[in-house]
file query05.csv (CSV, C-alpha atoms)
chain,number,residue,atom,x,y,z
A,8,MET,CA,0.0,0.0,0.0
A,9,GLN,CA,1.3,3.4,-1.0
A,10,VAL,CA,0.6,6.5,1.1
A,11,TYR,CA,0.6,10.0,-0.4
A,12,ASN,CA,1.0,12.5,2.5
A,13,ILE,CA,0.3,16.2,2.3
A,14,SER,CA,1.1,18.3,5.4
A,15,PHE,CA,-0.4,21.8,5.7
A,16,GLN,CA,0.3,24.7,8.0
A,17,ILE,CA,-2.5,27.3,7.9
A,18,ALA,CA,-2.7,31.0,8.8
A,19,PRO,CA,-4.7,30.9,12.1
A,20,THR,CA,-7.2,33.5,10.9
A,21,LEU,CA,-8.2,31.2,8.0
A,22,GLN,CA,-8.6,27.9,9.8
A,23,GLY,CA,-12.4,28.3,10.2
A,24,GLN,CA,-12.7,28.7,6.4
A,25,TRP,CA,-10.0,26.3,5.3
A,26,LEU,CA,-11.1,23.3,7.2
A,27,PRO,CA,-14.6,23.1,5.7
A,28,TRP,CA,-13.1,23.8,2.2
A,29,MET,CA,-10.7,20.8,2.7
A,30,LYS,CA,-13.5,18.5,3.7
A,31,GLN,CA,-16.1,19.7,1.1
A,32,LYS,CA,-13.9,20.5,-1.9
A,33,PHE,CA,-10.3,19.5,-1.8
A,34,ILE,CA,-10.5,15.9,-0.5
A,35,PRO,CA,-13.5,15.1,-2.7
A,36,MET,CA,-11.5,16.4,-5.7
A,37,ILE,CA,-8.7,14.0,-4.9
A,38,HIS,CA,-11.0,11.1,-4.4
A,39,ALA,CA,-12.7,11.8,-7.8
A,40,THR,CA,-9.4,10.8,-9.5
A,41,ALA,CA,-10.0,7.2,-8.4
A,42,CYS,CA,-6.3,6.9,-7.5
A,43,PHE,CA,-6.9,6.5,-3.8
A,44,THR,CA,-9.0,4.0,-1.9
A,45,ASP,CA,-9.2,5.9,1.4
A,46,HIS,CA,-7.8,8.8,3.4
A,47,LYS,CA,-7.1,10.0,7.0
A,48,PHE,CA,-7.1,13.6,7.9
A,49,TYR,CA,-5.4,14.7,11.1
A,50,GLU,CA,-4.8,17.8,13.1
A,51,LEU,CA,-1.4,17.8,14.8
A,52,ASP,CA,-1.0,18.6,18.4
A,53,ILE,CA,1.4,21.5,18.5
A,54,ALA,CA,2.4,24.3,20.8
A,55,GLU,CA,-0.1,27.1,21.2
A,56,ASP,CA,2.2,29.7,19.5
A,57,GLN,CA,2.4,27.6,16.3
A,58,ALA,CA,0.1,27.9,13.3
A,59,PRO,CA,-2.6,25.1,12.9
A,60,THR,CA,-1.0,22.1,11.2
A,61,TYR,CA,-2.7,19.2,9.5
A,62,THR,CA,-1.8,16.1,7.5
A,63,LEU,CA,-3.8,14.4,4.9
A,64,GLN,CA,-2.8,10.8,4.2
A,65,LEU,CA,-4.2,9.3,1.0
A,66,PHE,CA,-4.0,5.5,0.5
A,67,SER,CA,-3.3,4.0,-2.9
A,68,ALA,CA,-3.5,0.3,-3.6
A,69,SER,CA,-0.8,0.3,-6.2
A,70,PRO,CA,2.3,2.2,-7.1
A,71,GLU,CA,0.9,2.7,-10.6
A,72,LYS,CA,-2.1,4.6,-9.4
A,73,LEU,CA,0.1,6.8,-7.2
A,74,THR,CA,2.3,7.5,-10.2
A,75,GLN,CA,-0.7,8.3,-12.3
A,76,TYR,CA,-1.9,10.8,-9.8
A,77,GLN,CA,1.5,12.4,-9.4
A,78,GLU,CA,2.3,12.7,-13.1
A,79,THR,CA,-1.1,13.6,-14.6
A,80,LEU,CA,-3.6,14.7,-12.0
A,81,SER,CA,-2.0,16.4,-9.0
A,82,HIS,CA,-0.9,19.5,-10.8
A,83,ASP,CA,-4.5,20.9,-11.3
A,84,ILE,CA,-5.6,19.9,-7.8
A,85,MET,CA,-2.6,21.5,-6.1
A,86,ASN,CA,-3.0,24.6,-8.2
A,87,GLU,CA,-6.6,24.8,-6.8
A,88,LEU,CA,-5.1,24.9,-3.3
A,89,LEU,CA,-2.6,27.5,-4.3
A,90,ASN,CA,-5.1,29.7,-6.1
A,91,THR,CA,-7.6,29.5,-3.2
A,92,TRP,CA,-5.2,30.0,-0.3
A,93,GLY,CA,-1.9,31.3,-1.7
A,94,ASP,CA,0.9,31.7,0.8
A,95,GLN,CA,-1.6,31.4,3.7
A,96,CYS,CA,-1.4,27.7,3.4
A,97,PHE,CA,2.1,26.3,3.4
A,98,HIS,CA,2.2,22.6,2.3
A,99,PHE,CA,4.7,19.9,1.5
A,100,ILE,CA,4.3,16.4,0.1
A,101,THR,CA,5.9,13.1,1.0
A,102,THR,CA,5.2,9.5,-0.1
A,103,MET,CA,5.4,6.4,2.1
A,104,ARG,CA,4.9,2.7,2.0
A,105,ILE,CA,3.1,0.8,4.8
A,106,VAL,CA,5.5,-1.8,6.1
A,107,ASN,CA,3.6,-3.4,9.1
call {"tool": "encode", "arguments": {"input": "query05.csv", "output": "structure tokens"}}
result
Amino acid sequence: MQVYNISFQIAPTLQGQWLPWMKQKFIPMIHATACFTDHKFYELDIAEDQAPTYTLQLFSASPEKLTQYQETLSHDIMNELLNTWGDQCFHFITTMRIVN
């Protein structure tokens, strides 16, 4: 199983708008690609003086589906994030394999 992880740090003043947008628009857009079978969305426990931080883990049953997403589909979806939130939503992406 392949895991595509997107970590986000949000401007505190936008958290109330960003969180519903993620649940109602961004995550469904990703699932519409049919490249992922499931997801987990977490809020990290951080110090009070740090910006809200989240991680979205998307599970792909095959390396081919993950590659398809990365090479042909992710660009438009990530541009939607950038166009909507700009530099108020810092993010970075990692990929992982489940080994247990």
call {"tool": "closest_residue", "arguments": {"input": "query05.csv", "among": "A:Thr74, A:Gln95, A:Ser69, A:Thr79", "to": "A:Pro19", "atoms": "all atoms listed in the file"}}
result
A:Gln95
call {"tool": "atom_distance", "arguments": {"input": "query05.csv", "atom1": "atom CA of A:Tyr49", "atom2": "atom CA of A:Thr101"}}
result
15.2 Å
call {"tool": "residues_around", "arguments": {"input": "query05.csv", "residues": "A:His98", "least_positions_apart": "3", "cutoff": "12 Å", "atoms": "all atoms listed in the file", "output": "ChimeraX atom specification"}}
result
/A:12-18,59-63,85-86,88-89,92-95,101
call {"tool": "closest_residue", "arguments": {"input": "query05.csv", "among": "A:Leu21, A:Leu65, A:Cys42, A:Met29", "to": "A:Glu87", "atoms": "only C-alpha atoms"}}
result
A:Met29
call {"tool": "closest_residue", "arguments": {"input": "query05.csv", "among": "A:Val106, A:Trp25, A:Met36, A:Thr44", "to": "A:Leu73", "atoms": "only C-alpha atoms"}}
result
A:Thr44
